[in-house]
$ cat structure.cif   # mmCIF, C-alpha atoms and all ligand atoms
data_final
#
loop_
_atom_site.label_atom_id
_atom_site.label_comp_id
_atom_site.auth_asym_id
_atom_site.auth_seq_id
_atom_site.Cartn_x
_atom_site.Cartn_y
_atom_site.Cartn_z
CA MET A 1 -27.12 209.09 200.58
CA VAL A 2 -28.49 206.01 198.82
CA SER A 3 -26.08 204.16 196.51
CA LYS A 4 -27.47 203.71 193.05
CA VAL A 5 -27.61 200.37 191.27
CA THR A 6 -27.33 199.55 187.59
CA LEU A 7 -30.38 197.85 186.17
CA GLY A 8 -29.31 194.57 184.57
CA LYS A 9 -27.03 195.09 181.59
CA THR A 10 -28.54 198.48 180.79
CA ASP A 11 -26.84 201.80 181.39
CA LEU A 12 -29.73 202.85 183.64
CA SER A 13 -28.62 203.87 187.11
CA ILE A 14 -31.34 203.97 189.75
CA ASN A 15 -32.23 204.12 193.41
CA PRO A 16 -33.08 200.45 194.27
CA ILE A 17 -36.42 201.46 195.79
CA GLY A 18 -38.62 202.66 192.94
CA LEU A 19 -42.35 203.36 192.76
CA GLY A 20 -45.13 201.31 191.18
CA THR A 21 -47.92 203.54 189.90
CA ASN A 22 -50.84 201.26 189.15
CA ALA A 23 -52.75 203.26 191.79
CA VAL A 24 -52.06 206.49 189.89
CA GLY A 25 -54.92 206.62 187.39
CA GLY A 26 -55.40 202.84 187.53
CA HIS A 27 -59.17 203.16 187.91
CA ASN A 28 -59.67 199.64 186.57
CA ILE A 29 -57.56 198.26 189.46
CA TYR A 30 -58.51 200.39 192.45
CA PRO A 31 -61.87 202.14 192.97
CA ASN A 32 -62.17 205.81 194.00
CA LEU A 33 -58.65 206.91 193.14
CA ASP A 34 -57.94 210.60 193.50
CA GLU A 35 -55.93 211.58 190.41
CA GLN A 36 -54.47 214.78 191.87
CA GLN A 37 -53.29 212.86 194.92
CA GLY A 38 -51.57 210.42 192.53
CA VAL A 39 -49.80 213.18 190.59
CA ASP A 40 -48.73 214.90 193.82
CA MET A 41 -47.40 211.61 195.17
CA VAL A 42 -45.28 210.97 192.06
CA LYS A 43 -43.89 214.53 192.13
CA ALA A 44 -43.07 214.24 195.83
CA ALA A 45 -41.38 210.88 195.16
CA ILE A 46 -39.19 212.38 192.41
CA ASP A 47 -38.28 215.28 194.70
CA ARG A 48 -37.27 212.78 197.37
CA GLY A 49 -34.89 210.99 194.95
CA VAL A 50 -37.17 208.11 193.91
CA ASP A 51 -36.07 207.87 190.30
CA PHE A 52 -37.42 204.53 189.01
CA LEU A 53 -41.11 204.85 188.10
CA ASP A 54 -43.17 201.95 186.80
CA THR A 55 -46.40 202.38 184.86
CA ALA A 56 -48.25 200.62 182.00
CA TYR A 57 -50.88 201.25 179.37
CA ALA A 58 -53.07 198.73 181.19
CA TYR A 59 -53.31 200.89 184.33
CA GLY A 60 -56.45 202.86 183.53
CA ASN A 61 -56.08 202.26 179.77
CA GLY A 62 -53.41 204.90 179.42
CA ARG A 63 -54.55 207.18 182.24
CA SER A 64 -51.68 206.20 184.52
CA GLU A 65 -49.18 207.03 181.76
CA GLU A 66 -50.81 210.44 181.26
CA LEU A 67 -50.69 211.29 184.96
CA VAL A 68 -47.16 209.99 185.52
CA GLY A 69 -46.04 211.94 182.43
CA GLN A 70 -47.69 215.05 183.87
CA ALA A 71 -45.91 214.56 187.20
CA ILE A 72 -42.53 214.13 185.47
CA ALA A 73 -43.09 217.30 183.42
CA GLU A 74 -44.17 219.29 186.48
CA SER A 75 -41.17 218.01 188.46
CA GLY A 76 -38.79 219.51 185.88
CA LYS A 77 -36.53 216.49 186.43
CA ARG A 78 -37.01 214.34 183.32
CA GLN A 79 -33.28 213.62 183.04
CA GLU A 80 -33.15 212.25 186.58
CA VAL A 81 -36.06 209.84 186.12
CA VAL A 82 -35.94 206.31 184.73
CA LEU A 83 -39.43 205.73 183.41
CA ALA A 84 -40.62 202.21 182.70
CA THR A 85 -43.88 201.44 180.96
CA LYS A 86 -45.45 198.37 179.37
CA GLY A 87 -47.77 197.39 176.58
CA ALA A 88 -49.40 194.38 174.94
CA HIS A 89 -53.10 194.95 175.65
CA THR A 90 -55.29 195.55 172.61
CA ASP A 91 -58.44 197.68 172.57
CA ASP A 92 -60.65 194.59 172.47
CA GLY A 93 -59.17 193.17 175.67
CA GLY A 94 -56.75 190.79 173.95
CA LYS A 95 -52.95 190.84 173.85
CA SER A 96 -50.55 191.28 170.97
CA ASN A 97 -46.77 191.02 170.69
CA ARG A 98 -46.75 191.59 166.92
CA PRO A 99 -43.83 193.85 165.94
CA GLU A 100 -46.09 196.40 164.20
CA PHE A 101 -48.45 196.44 167.22
CA LEU A 102 -45.58 197.00 169.69
CA LYS A 103 -44.08 199.79 167.59
CA GLN A 104 -47.43 201.58 167.50
CA ALA A 105 -47.95 200.92 171.23
CA VAL A 106 -44.61 202.59 172.02
CA ASP A 107 -45.56 205.63 169.92
CA ASN A 108 -48.91 205.83 171.72
CA SER A 109 -47.22 205.57 175.13
CA LEU A 110 -44.74 208.31 174.19
CA LYS A 111 -47.67 210.59 173.33
CA ARG A 112 -49.57 209.87 176.54
CA LEU A 113 -46.44 210.33 178.63
CA GLY A 114 -45.46 213.49 176.76
CA LEU A 115 -41.89 212.18 176.43
CA ASP A 116 -39.54 211.74 173.49
CA TYR A 117 -38.01 208.52 174.82
CA ILE A 118 -38.98 205.77 177.27
CA ASP A 119 -36.18 204.45 179.47
CA LEU A 120 -37.49 200.89 179.74
CA TYR A 121 -40.31 199.36 177.71
CA TYR A 122 -41.65 195.95 178.71
CA ILE A 123 -43.87 193.62 176.74
CA HIS A 124 -46.47 193.41 179.51
CA PHE A 125 -47.82 189.93 178.68
CA PRO A 126 -47.01 187.28 176.08
CA ASP A 127 -49.52 186.71 173.28
CA GLU A 128 -50.23 183.24 171.95
CA ASP A 129 -48.71 183.34 168.50
CA THR A 130 -45.90 185.84 167.96
CA PRO A 131 -42.44 184.26 168.17
CA LYS A 132 -40.91 185.93 171.21
CA TYR A 133 -37.58 186.71 169.51
CA GLU A 134 -39.52 188.63 166.84
CA ALA A 135 -41.40 190.63 169.47
CA VAL A 136 -38.21 191.52 171.32
CA GLY A 137 -36.47 192.16 167.97
CA ALA A 138 -39.01 194.94 167.34
CA LEU A 139 -38.13 196.54 170.69
CA GLN A 140 -34.44 196.21 169.89
CA GLU A 141 -35.07 198.21 166.70
CA LEU A 142 -36.83 200.88 168.76
CA LYS A 143 -33.86 200.91 171.11
CA GLU A 144 -31.49 201.43 168.20
CA ALA A 145 -33.76 204.24 166.96
CA GLY A 146 -33.56 205.94 170.38
CA LYS A 147 -37.27 205.64 171.23
CA ILE A 148 -36.56 203.35 174.16
CA ARG A 149 -33.36 202.81 176.14
CA ALA A 150 -33.88 199.27 177.37
CA VAL A 151 -35.92 196.18 176.50
CA GLY A 152 -38.04 194.34 179.03
CA VAL A 153 -40.53 191.49 179.21
CA SER A 154 -43.05 190.61 181.90
CA ASN A 155 -45.23 187.61 182.74
CA PHE A 156 -43.16 185.45 180.38
CA SER A 157 -42.60 181.79 181.24
CA MET A 158 -39.00 180.60 181.36
CA ASP A 159 -39.37 179.07 177.89
CA GLN A 160 -40.77 182.32 176.52
CA LEU A 161 -37.99 184.29 178.18
CA LYS A 162 -35.31 182.06 176.68
CA GLU A 163 -36.88 182.36 173.26
CA ALA A 164 -37.20 186.14 173.67
CA ASN A 165 -33.56 186.37 174.69
CA GLN A 166 -32.12 184.15 171.98
CA ASP A 167 -30.25 187.14 170.50
CA GLY A 168 -29.39 188.54 173.93
CA TYR A 169 -31.77 191.49 173.60
CA VAL A 170 -33.65 191.20 176.90
CA ASP A 171 -32.28 193.70 179.43
CA VAL A 172 -34.81 193.41 182.27
CA ILE A 173 -37.66 191.11 183.33
CA GLN A 174 -40.51 191.91 185.67
CA GLU A 175 -42.15 188.91 187.33
CA HIS A 176 -44.31 188.04 190.31
CA TYR A 177 -42.11 187.61 193.36
CA ASN A 178 -42.45 188.26 197.07
CA LEU A 179 -41.96 186.38 200.34
CA PHE A 180 -45.19 184.43 199.76
CA GLU A 181 -44.40 183.73 196.11
CA ARG A 182 -40.84 182.50 195.83
CA GLU A 183 -40.88 180.23 192.82
CA ALA A 184 -38.75 182.71 190.86
CA GLU A 185 -35.78 181.81 193.05
CA GLU A 186 -35.69 178.39 191.37
CA THR A 187 -36.82 179.43 187.89
CA TYR A 188 -35.79 182.94 186.85
CA PHE A 189 -33.01 183.82 189.29
CA PRO A 190 -30.32 181.41 188.01
CA TYR A 191 -30.98 182.41 184.38
CA VAL A 192 -31.02 186.19 184.96
CA LYS A 193 -27.82 185.99 186.97
CA GLU A 194 -26.13 184.00 184.21
CA GLN A 195 -27.37 186.36 181.46
CA GLY A 196 -26.90 189.65 183.33
CA ILE A 197 -30.61 190.44 182.99
CA GLY A 198 -32.15 192.75 185.60
CA PHE A 199 -34.96 191.26 187.73
CA VAL A 200 -37.70 193.56 189.05
CA PRO A 201 -40.29 191.81 191.23
CA PHE A 202 -43.89 192.92 191.10
CA PHE A 203 -46.32 192.66 194.02
CA PRO A 204 -43.39 193.06 196.48
CA PHE A 205 -45.88 193.59 199.32
CA ALA A 206 -48.27 190.92 198.03
CA SER A 207 -50.67 193.83 197.41
CA GLY A 208 -50.15 195.27 200.89
CA LEU A 209 -50.15 192.05 202.93
CA LEU A 210 -46.40 192.18 203.53
CA ALA A 211 -46.55 195.82 204.62
CA GLY A 212 -47.63 194.42 207.99
CA LYS A 213 -50.72 196.54 208.58
CA TYR A 214 -53.62 194.13 208.25
CA GLU A 215 -55.39 192.41 211.12
CA GLU A 216 -56.88 188.95 210.81
CA ASP A 217 -60.35 190.52 210.44
CA THR A 218 -59.46 193.19 207.82
CA THR A 219 -61.83 193.18 204.82
CA PHE A 220 -61.61 194.82 201.39
CA PRO A 221 -64.38 196.62 199.47
CA GLU A 222 -65.92 195.17 196.35
CA GLY A 223 -64.07 196.42 193.27
CA ASP A 224 -60.73 196.36 195.15
CA LEU A 225 -58.31 193.86 193.61
CA ARG A 226 -57.87 192.24 197.03
CA HIS A 227 -61.56 191.51 197.42
CA GLN A 228 -61.08 188.43 195.21
CA LYS A 229 -57.46 187.39 195.65
CA PRO A 230 -57.11 183.93 197.26
CA GLU A 231 -54.40 185.05 199.71
CA PHE A 232 -56.86 187.61 201.15
CA GLN A 233 -59.64 185.09 201.84
CA GLY A 234 -60.72 183.26 205.03
CA GLU A 235 -58.29 181.06 206.93
CA LYS A 236 -55.54 181.56 204.34
CA PHE A 237 -55.62 185.32 204.97
CA LYS A 238 -55.48 184.86 208.76
CA GLU A 239 -52.55 182.48 208.46
CA ASN A 240 -50.73 184.96 206.18
CA VAL A 241 -51.30 187.83 208.62
CA ARG A 242 -49.90 185.69 211.47
CA LYS A 243 -46.78 184.93 209.42
CA VAL A 244 -46.22 188.60 208.58
CA ASN A 245 -46.58 189.45 212.28
CA GLU A 246 -43.53 187.28 212.96
CA LEU A 247 -41.47 189.82 211.02
CA LYS A 248 -42.33 192.62 213.46
CA PRO A 249 -39.76 191.81 216.19
CA ILE A 250 -37.05 191.45 213.56
CA ALA A 251 -38.01 194.81 212.07
CA ASP A 252 -38.04 196.35 215.57
CA SER A 253 -34.50 195.17 216.20
CA TYR A 254 -33.36 197.29 213.23
CA GLY A 255 -35.58 200.26 214.11
CA LEU A 256 -37.65 199.54 210.99
CA ASP A 257 -41.22 198.56 210.38
CA THR A 258 -42.30 195.45 208.51
CA ALA A 259 -42.65 197.15 205.11
CA GLN A 260 -39.14 198.56 205.24
CA LEU A 261 -37.67 195.25 206.44
CA VAL A 262 -39.32 193.36 203.58
CA LEU A 263 -38.05 195.81 200.95
CA ALA A 264 -34.55 195.74 202.42
CA TYR A 265 -34.65 191.93 202.34
CA TYR A 266 -35.46 191.94 198.62
CA ILE A 267 -32.71 194.30 197.57
CA HIS A 268 -30.17 192.21 199.48
CA GLN A 269 -30.81 189.39 197.02
CA GLU A 270 -28.21 189.12 194.31
CA ALA A 271 -30.72 188.58 191.49
CA ILE A 272 -32.87 191.60 192.38
CA ASP A 273 -31.74 195.00 191.19
CA ALA A 274 -34.68 197.14 192.29
CA VAL A 275 -38.20 196.92 193.67
CA ILE A 276 -41.27 198.95 192.72
CA PRO A 277 -43.61 198.95 195.72
CA GLY A 278 -46.98 200.44 194.84
CA ALA A 279 -48.27 203.32 196.94
CA LYS A 280 -51.27 205.57 197.16
CA ARG A 281 -49.89 208.26 199.44
CA LYS A 282 -46.71 210.30 199.78
CA ASP A 283 -46.03 209.11 203.31
CA GLN A 284 -45.91 205.48 202.07
CA VAL A 285 -43.36 206.46 199.43
CA PHE A 286 -41.12 208.35 201.86
CA HIS A 287 -41.34 205.51 204.29
CA ASN A 288 -40.50 202.82 201.71
CA ASN A 289 -37.63 204.82 200.30
CA LYS A 290 -35.79 204.59 203.63
CA ALA A 291 -35.30 200.84 203.04
CA ALA A 292 -32.64 201.67 200.45
CA ASP A 293 -30.24 202.68 203.27
CA VAL A 294 -30.67 199.54 205.39
CA THR A 295 -27.99 196.86 205.78
CA LEU A 296 -29.23 193.48 207.05
CA ASP A 297 -26.86 190.88 208.46
CA GLN A 298 -26.73 187.38 207.01
CA ALA A 299 -28.42 185.80 210.06
CA THR A 300 -31.43 188.09 209.57
CA ILE A 301 -31.65 187.30 205.88
CA THR A 302 -31.57 183.57 206.63
CA ARG A 303 -34.17 183.94 209.40
CA ILE A 304 -36.62 185.79 207.14
CA SER A 305 -36.09 183.27 204.37
CA GLN A 306 -36.80 180.41 206.80
CA LEU A 307 -39.97 182.05 208.14
CA PHE A 308 -41.41 182.07 204.62
CA SER A 309 -39.86 178.86 203.35
P1 LIG B 401 -47.65 195.85 196.13
O1 LIG B 401 -46.49 196.74 195.86
O2 LIG B 401 -47.40 194.47 196.53
O3 LIG B 401 -48.59 196.54 197.23
C1 LIG B 401 -48.91 197.90 197.14
C2 LIG B 401 -49.81 198.30 198.31
O4 LIG B 401 -49.10 198.17 199.51
C3 LIG B 401 -50.19 199.76 198.23
O5 LIG B 401 -51.26 199.97 197.36
C4 LIG B 401 -50.54 200.04 199.68
O6 LIG B 401 -51.85 199.50 199.93
C5 LIG B 401 -49.56 199.17 200.42
N1 LIG B 401 -48.38 199.92 200.89
C6 LIG B 401 -47.36 200.43 200.17
N2 LIG B 401 -46.46 201.02 200.98
C7 LIG B 401 -46.90 200.85 202.24
C8 LIG B 401 -46.41 201.24 203.51
N3 LIG B 401 -45.26 201.87 203.65
N4 LIG B 401 -47.12 200.91 204.59
C9 LIG B 401 -48.27 200.26 204.47
N5 LIG B 401 -48.81 199.86 203.29
C10 LIG B 401 -48.12 200.17 202.19
O7 LIG B 401 -48.65 195.74 194.89
P2 LIG B 401 -48.83 196.56 193.56
O8 LIG B 401 -48.82 198.03 193.80
O9 LIG B 401 -50.00 195.98 192.88
O10 LIG B 401 -47.53 196.19 192.73
C11 LIG B 401 -46.39 197.05 192.68
C12 LIG B 401 -46.18 197.59 191.31
O11 LIG B 401 -45.82 196.50 190.45
C13 LIG B 401 -47.44 198.18 190.66
O12 LIG B 401 -47.69 199.51 191.05
C14 LIG B 401 -47.13 198.02 189.21
O13 LIG B 401 -46.33 199.13 188.80
C15 LIG B 401 -46.33 196.73 189.15
N6 LIG B 401 -47.12 195.54 188.75
C16 LIG B 401 -46.79 194.91 187.61
C17 LIG B 401 -47.48 193.79 187.19
C18 LIG B 401 -47.10 193.11 185.90
O14 LIG B 401 -47.90 192.34 185.37
N7 LIG B 401 -45.93 193.38 185.37
C19 LIG B 401 -48.51 193.27 187.98
C20 LIG B 401 -48.81 193.92 189.17
C21 LIG B 401 -48.10 195.04 189.57
P3 LIG B 401 -53.07 200.28 200.60
O15 LIG B 401 -52.62 201.67 200.92
O16 LIG B 401 -54.15 200.21 199.62
O17 LIG B 401 -53.40 199.47 201.78
#
$ encode --input "structure.cif" --output "structure tokens" --more "lines below"
Ligand code: NAP
Amino acid sequence: MVSKVTLGKTDLSINPIGLGTNAVGGHNIYPNLDEQQGVDMVKAAIDRGVDFLDTAYAYGNGRSEELVGQAIAESGKRQEVVLATKGAHTDDGGKSNRPEFLKQAVDNSLKRLGLDYIDLYYIHFPDEDTPKYEAVGALQELKEAGKIRAVGVSNFSMDQLKEANQDGYVDVIQEHYNLFEREAEETYFPYVKEQGIGFVPFFPFASGLLAGKYEEDTTFPEGDLRHQKPEFQGEKFKENVRKVNELKPIADSYGLDTAQLVLAYYIHQEAIDAVIPGAKRKDQVFHNNKAADVTLDQATITRISQLFS
């Protein structure tokens, strides 16, 4: 039985291994997605006790929210799910954090999801001109009105986060963090620990690289996000694959595979409350969920940290 964690200073209690759903209806991110497979995966995840689901308007311009909402409804377990979504993208491809825009965006998300409240709503990206405390103030009003249960921000710089949190309204942040991308340890971690803010890393597998399944000669089709990412190109990609391979014997010693070891490593960090690995298939979800039960010793944690220092 997995012990639940409390997300930041919210009253949201979750399994520390959640599910990222940008591959559920996120046709603008991944080509050739099968929508029914996505819905079935989310339902199977909920049935298995995965209760922290992460979506966004930006994933398929609302399609991911519709499909995740459908899966929650069909699961019959709304009360057991902590649903996080995000907004800031405008129809013309820009971003807005204006209070009136965010309030409308939350109403639109509620409709697409088919829900009467959202557990955690993040401002997905900062815009250029709205004062961040005003943007977050609008979400705080929605929280007081019962439309959302917790306030989040994502892709905010430290300065933007501090401005957003000047009244103490930020409950959770979601930022880029994984073993290849560790800057957050120096920037966000000390602040979130001090303020009691929950930290949810995105790209925990560096888009699959840290799941340990690629060979040095793996290639990605055009239209796939990874086709253009620098860490998936040429010598850099080969070097990254070699580094990930060094995790395999450590994972073996715990009877895990690399993906599970990496997830377990993250949730052992004090600043990290939960992770939201993305998945396309049920078996990946079931597999990842097992990492919630793993206990790593301090020597292992130090070794992994040193490998990717
Ligand atoms: P990720 O979690 O780093 O990687 C996900 C990929 O890893 C999957 O698509 C799958 O790739 C592979 N994978 C997952 N489990 C696996 C397993 N057990 N074995 C082998 N491979 C496995 O990247 P992500 O999905 O882009 O990010 C996670 C979530 O973070 C997203 O779903 C989204 O909710 C959120 N996110 C937020 C932001 C933001 O701006 N706030 C940005 C990006 C992502 P394949 O099956 O395709 O190989």
$ residues_near_ligand --input "structure.cif" --ligand "ligand LIG 401 (chain B)" --cutoff "8 Å" --atoms "only C-alpha atoms and all ligand atoms" --output "PDB file with C-alpha atoms, in the coordinates of the input"
ATOM      1  CA  LEU A  19     -42.350 203.360 192.760  1.00  0.00           C
ATOM      2  CA  GLY A  20     -45.130 201.310 191.180  1.00  0.00           C
ATOM      3  CA  THR A  21     -47.920 203.540 189.900  1.00  0.00           C
ATOM      4  CA  ASN A  22     -50.840 201.260 189.150  1.00  0.00           C
ATOM      5  CA  ALA A  23     -52.750 203.260 191.790  1.00  0.00           C
ATOM      6  CA  LEU A  53     -41.110 204.850 188.100  1.00  0.00           C
ATOM      7  CA  ASP A  54     -43.170 201.950 186.800  1.00  0.00           C
ATOM      8  CA  THR A  55     -46.400 202.380 184.860  1.00  0.00           C
ATOM      9  CA  ALA A  56     -48.250 200.620 182.000  1.00  0.00           C
ATOM     10  CA  LYS A  86     -45.450 198.370 179.370  1.00  0.00           C
ATOM     11  CA  HIS A 124     -46.470 193.410 179.510  1.00  0.00           C
ATOM     12  CA  PHE A 125     -47.820 189.930 178.680  1.00  0.00           C
ATOM     13  CA  SER A 154     -43.050 190.610 181.900  1.00  0.00           C
ATOM     14  CA  ASN A 155     -45.230 187.610 182.740  1.00  0.00           C
ATOM     15  CA  GLN A 174     -40.510 191.910 185.670  1.00  0.00           C
ATOM     16  CA  GLU A 175     -42.150 188.910 187.330  1.00  0.00           C
ATOM     17  CA  HIS A 176     -44.310 188.040 190.310  1.00  0.00           C
ATOM     18  CA  ASN A 178     -42.450 188.260 197.070  1.00  0.00           C
ATOM     19  CA  PRO A 201     -40.290 191.810 191.230  1.00  0.00           C
ATOM     20  CA  PHE A 202     -43.890 192.920 191.100  1.00  0.00           C
ATOM     21  CA  PHE A 203     -46.320 192.660 194.020  1.00  0.00           C
ATOM     22  CA  PRO A 204     -43.390 193.060 196.480  1.00  0.00           C
ATOM     23  CA  PHE A 205     -45.880 193.590 199.320  1.00  0.00           C
ATOM     24  CA  ALA A 206     -48.270 190.920 198.030  1.00  0.00           C
ATOM     25  CA  SER A 207     -50.670 193.830 197.410  1.00  0.00           C
ATOM     26  CA  GLY A 208     -50.150 195.270 200.890  1.00  0.00           C
ATOM     27  CA  LEU A 209     -50.150 192.050 202.930  1.00  0.00           C
ATOM     28  CA  LEU A 210     -46.400 192.180 203.530  1.00  0.00           C
ATOM     29  CA  ALA A 211     -46.550 195.820 204.620  1.00  0.00           C
ATOM     30  CA  GLY A 212     -47.630 194.420 207.990  1.00  0.00           C
ATOM     31  CA  LYS A 213     -50.720 196.540 208.580  1.00  0.00           C
ATOM     32  CA  ALA A 259     -42.650 197.150 205.110  1.00  0.00           C
ATOM     33  CA  GLN A 260     -39.140 198.560 205.240  1.00  0.00           C
ATOM     34  CA  ILE A 276     -41.270 198.950 192.720  1.00  0.00           C
ATOM     35  CA  PRO A 277     -43.610 198.950 195.720  1.00  0.00           C
ATOM     36  CA  GLY A 278     -46.980 200.440 194.840  1.00  0.00           C
ATOM     37  CA  ALA A 279     -48.270 203.320 196.940  1.00  0.00           C
ATOM     38  CA  LYS A 280     -51.270 205.570 197.160  1.00  0.00           C
ATOM     39  CA  ARG A 281     -49.890 208.260 199.440  1.00  0.00           C
ATOM     40  CA  ASP A 283     -46.030 209.110 203.310  1.00  0.00           C
ATOM     41  CA  GLN A 284     -45.910 205.480 202.070  1.00  0.00           C
ATOM     42  CA  VAL A 285     -43.360 206.460 199.430  1.00  0.00           C
ATOM     43  CA  PHE A 286     -41.120 208.350 201.860  1.00  0.00           C
ATOM     44  CA  HIS A 287     -41.340 205.510 204.290  1.00  0.00           C
ATOM     45  CA  ASN A 288     -40.500 202.820 201.710  1.00  0.00           C
TER      46      ASN A 288
END
$ residues_near_point --input "structure.cif" --point "(-57.1, 186.6, 210.4)" --cutoff "10 Å" --atoms "all atoms listed in the file" --output "JSON, numbers by chain"
{"A": [214, 215, 216, 217, 218, 219, 232, 233, 234, 235, 236, 237, 238, 239, 240, 241, 242]}
$ residues_around --input "structure.cif" --residues "Val170 of chain A" --least-positions-apart "4" --cutoff "12 Å" --atoms "only C-alpha atoms" --output "ChimeraX atom specification"
/A:7-10,120-123,132-140,143,149-154,156,160-166,174,191-192,195-199
$ atom_distance --input "structure.cif" --atom1 "atom CA of Leu247 of chain A" --atom2 "atom CA of Glu183 of chain A"
20.6 Å
$ axis_aligned_box --input "structure.cif" --around "segment 93-103 of chain A" --padding-each-side "8 Å" --output "JSON"
{"center_x": -51.5, "center_y": 195.3, "center_z": 169.9, "size_x": 31.3, "size_y": 25.0, "size_z": 27.5}
$ atom_distance --input "structure.cif" --atom1 "atom CA of Thr258 of chain A" --atom2 "atom CA of Glu270 of chain A"
21.0 Å
$ residues_near_point --input "structure.cif" --point "(-41.1, 218.2, 190.4)" --cutoff "6 Å" --atoms "only C-alpha atoms" --output "ChimeraX atom specification"
/A:43,47,74-76
$ write_last_selection --input "structure.cif" --atoms "C-alpha atoms" --output "mmCIF file, in the coordinates of the input"
data_model
loop_
_atom_site.group_PDB
_atom_site.id
_atom_site.type_symbol
_atom_site.label_atom_id
_atom_site.label_comp_id
_atom_site.auth_asym_id
_atom_site.auth_seq_id
_atom_site.Cartn_x
_atom_site.Cartn_y
_atom_site.Cartn_z
ATOM 1 C CA LYS A 43 -43.890 214.530 192.130
ATOM 2 C CA ASP A 47 -38.280 215.280 194.700
ATOM 3 C CA GLU A 74 -44.170 219.290 186.480
ATOM 4 C CA SER A 75 -41.170 218.010 188.460
ATOM 5 C CA GLY A 76 -38.790 219.510 185.880
#
$ atom_distance --input "structure.cif" --atom1 "atom CA of Gln36 of chain A" --atom2 "atom CA of Thr90 of chain A"
27.2 Å
$ residues_around --input "structure.cif" --residues "Ala292 of chain A" --least-positions-apart "2" --cutoff "7 Å" --atoms "all atoms listed in the file" --output "ChimeraX atom specification"
/A:2,16-17,264,289-290,294
$ decode --input "structure.cif" --residues "segment 94-105 of chain A" --atoms "N, CA and C atoms" --output "PDB file, in the first residue's frame"
ATOM      1  N   GLY A  94      -0.715  33.523 -28.345  1.00  0.00           N
ATOM      2  CA  GLY A  94      -0.007  34.283 -27.316  1.00  0.00           C
ATOM      3  C   GLY A  94      -0.286  33.724 -25.928  1.00  0.00           C
ATOM      4  N   LYS A  95       0.093  34.508 -24.902  1.00  0.00           N
ATOM      5  CA  LYS A  95      -0.159  34.075 -23.523  1.00  0.00           C
ATOM      6  C   LYS A  95      -0.729  35.242 -22.739  1.00  0.00           C
ATOM      7  N   SER A  96      -1.648  34.951 -21.862  1.00  0.00           N
ATOM      8  CA  SER A  96      -2.205  36.003 -21.012  1.00  0.00           C
ATOM      9  C   SER A  96      -2.330  35.508 -19.582  1.00  0.00           C
ATOM     10  N   ASN A  97      -1.997  36.395 -18.653  1.00  0.00           N
ATOM     11  CA  ASN A  97      -2.205  36.119 -17.218  1.00  0.00           C
ATOM     12  C   ASN A  97      -3.186  37.135 -16.645  1.00  0.00           C
ATOM     13  N   ARG A  98      -3.896  37.851 -17.528  1.00  0.00           N
ATOM     14  CA  ARG A  98      -4.839  38.866 -17.040  1.00  0.00           C
ATOM     15  C   ARG A  98      -5.902  38.186 -16.185  1.00  0.00           C
ATOM     16  N   PRO A  99      -6.293  38.796 -15.056  1.00  0.00           N
ATOM     17  CA  PRO A  99      -7.294  38.165 -14.186  1.00  0.00           C
ATOM     18  C   PRO A  99      -8.556  37.751 -14.935  1.00  0.00           C
ATOM     19  N   GLU A 100      -9.097  38.637 -15.798  1.00  0.00           N
ATOM     20  CA  GLU A 100     -10.354  38.280 -16.486  1.00  0.00           C
ATOM     21  C   GLU A 100     -10.123  37.113 -17.453  1.00  0.00           C
ATOM     22  N   PHE A 101      -8.932  37.068 -18.085  1.00  0.00           N
ATOM     23  CA  PHE A 101      -8.616  35.955 -18.988  1.00  0.00           C
ATOM     24  C   PHE A 101      -8.547  34.641 -18.194  1.00  0.00           C
ATOM     25  N   LEU A 102      -7.849  34.652 -17.067  1.00  0.00           N
ATOM     26  CA  LEU A 102      -7.686  33.414 -16.283  1.00  0.00           C
ATOM     27  C   LEU A 102      -9.027  32.914 -15.761  1.00  0.00           C
ATOM     28  N   LYS A 103      -9.878  33.855 -15.344  1.00  0.00           N
ATOM     29  CA  LYS A 103     -11.195  33.424 -14.819  1.00  0.00           C
ATOM     30  C   LYS A 103     -12.010  32.751 -15.919  1.00  0.00           C
ATOM     31  N   GLN A 104     -11.950  33.314 -17.124  1.00  0.00           N
ATOM     32  CA  GLN A 104     -12.661  32.703 -18.248  1.00  0.00           C
ATOM     33  C   GLN A 104     -12.021  31.357 -18.625  1.00  0.00           C
ATOM     34  N   ALA A 105     -10.690  31.320 -18.571  1.00  0.00           N
ATOM     35  CA  ALA A 105      -9.975  30.077 -18.918  1.00  0.00           C
ATOM     36  C   ALA A 105     -10.370  28.949 -17.962  1.00  0.00           C
TER      37      ALA A 105
END
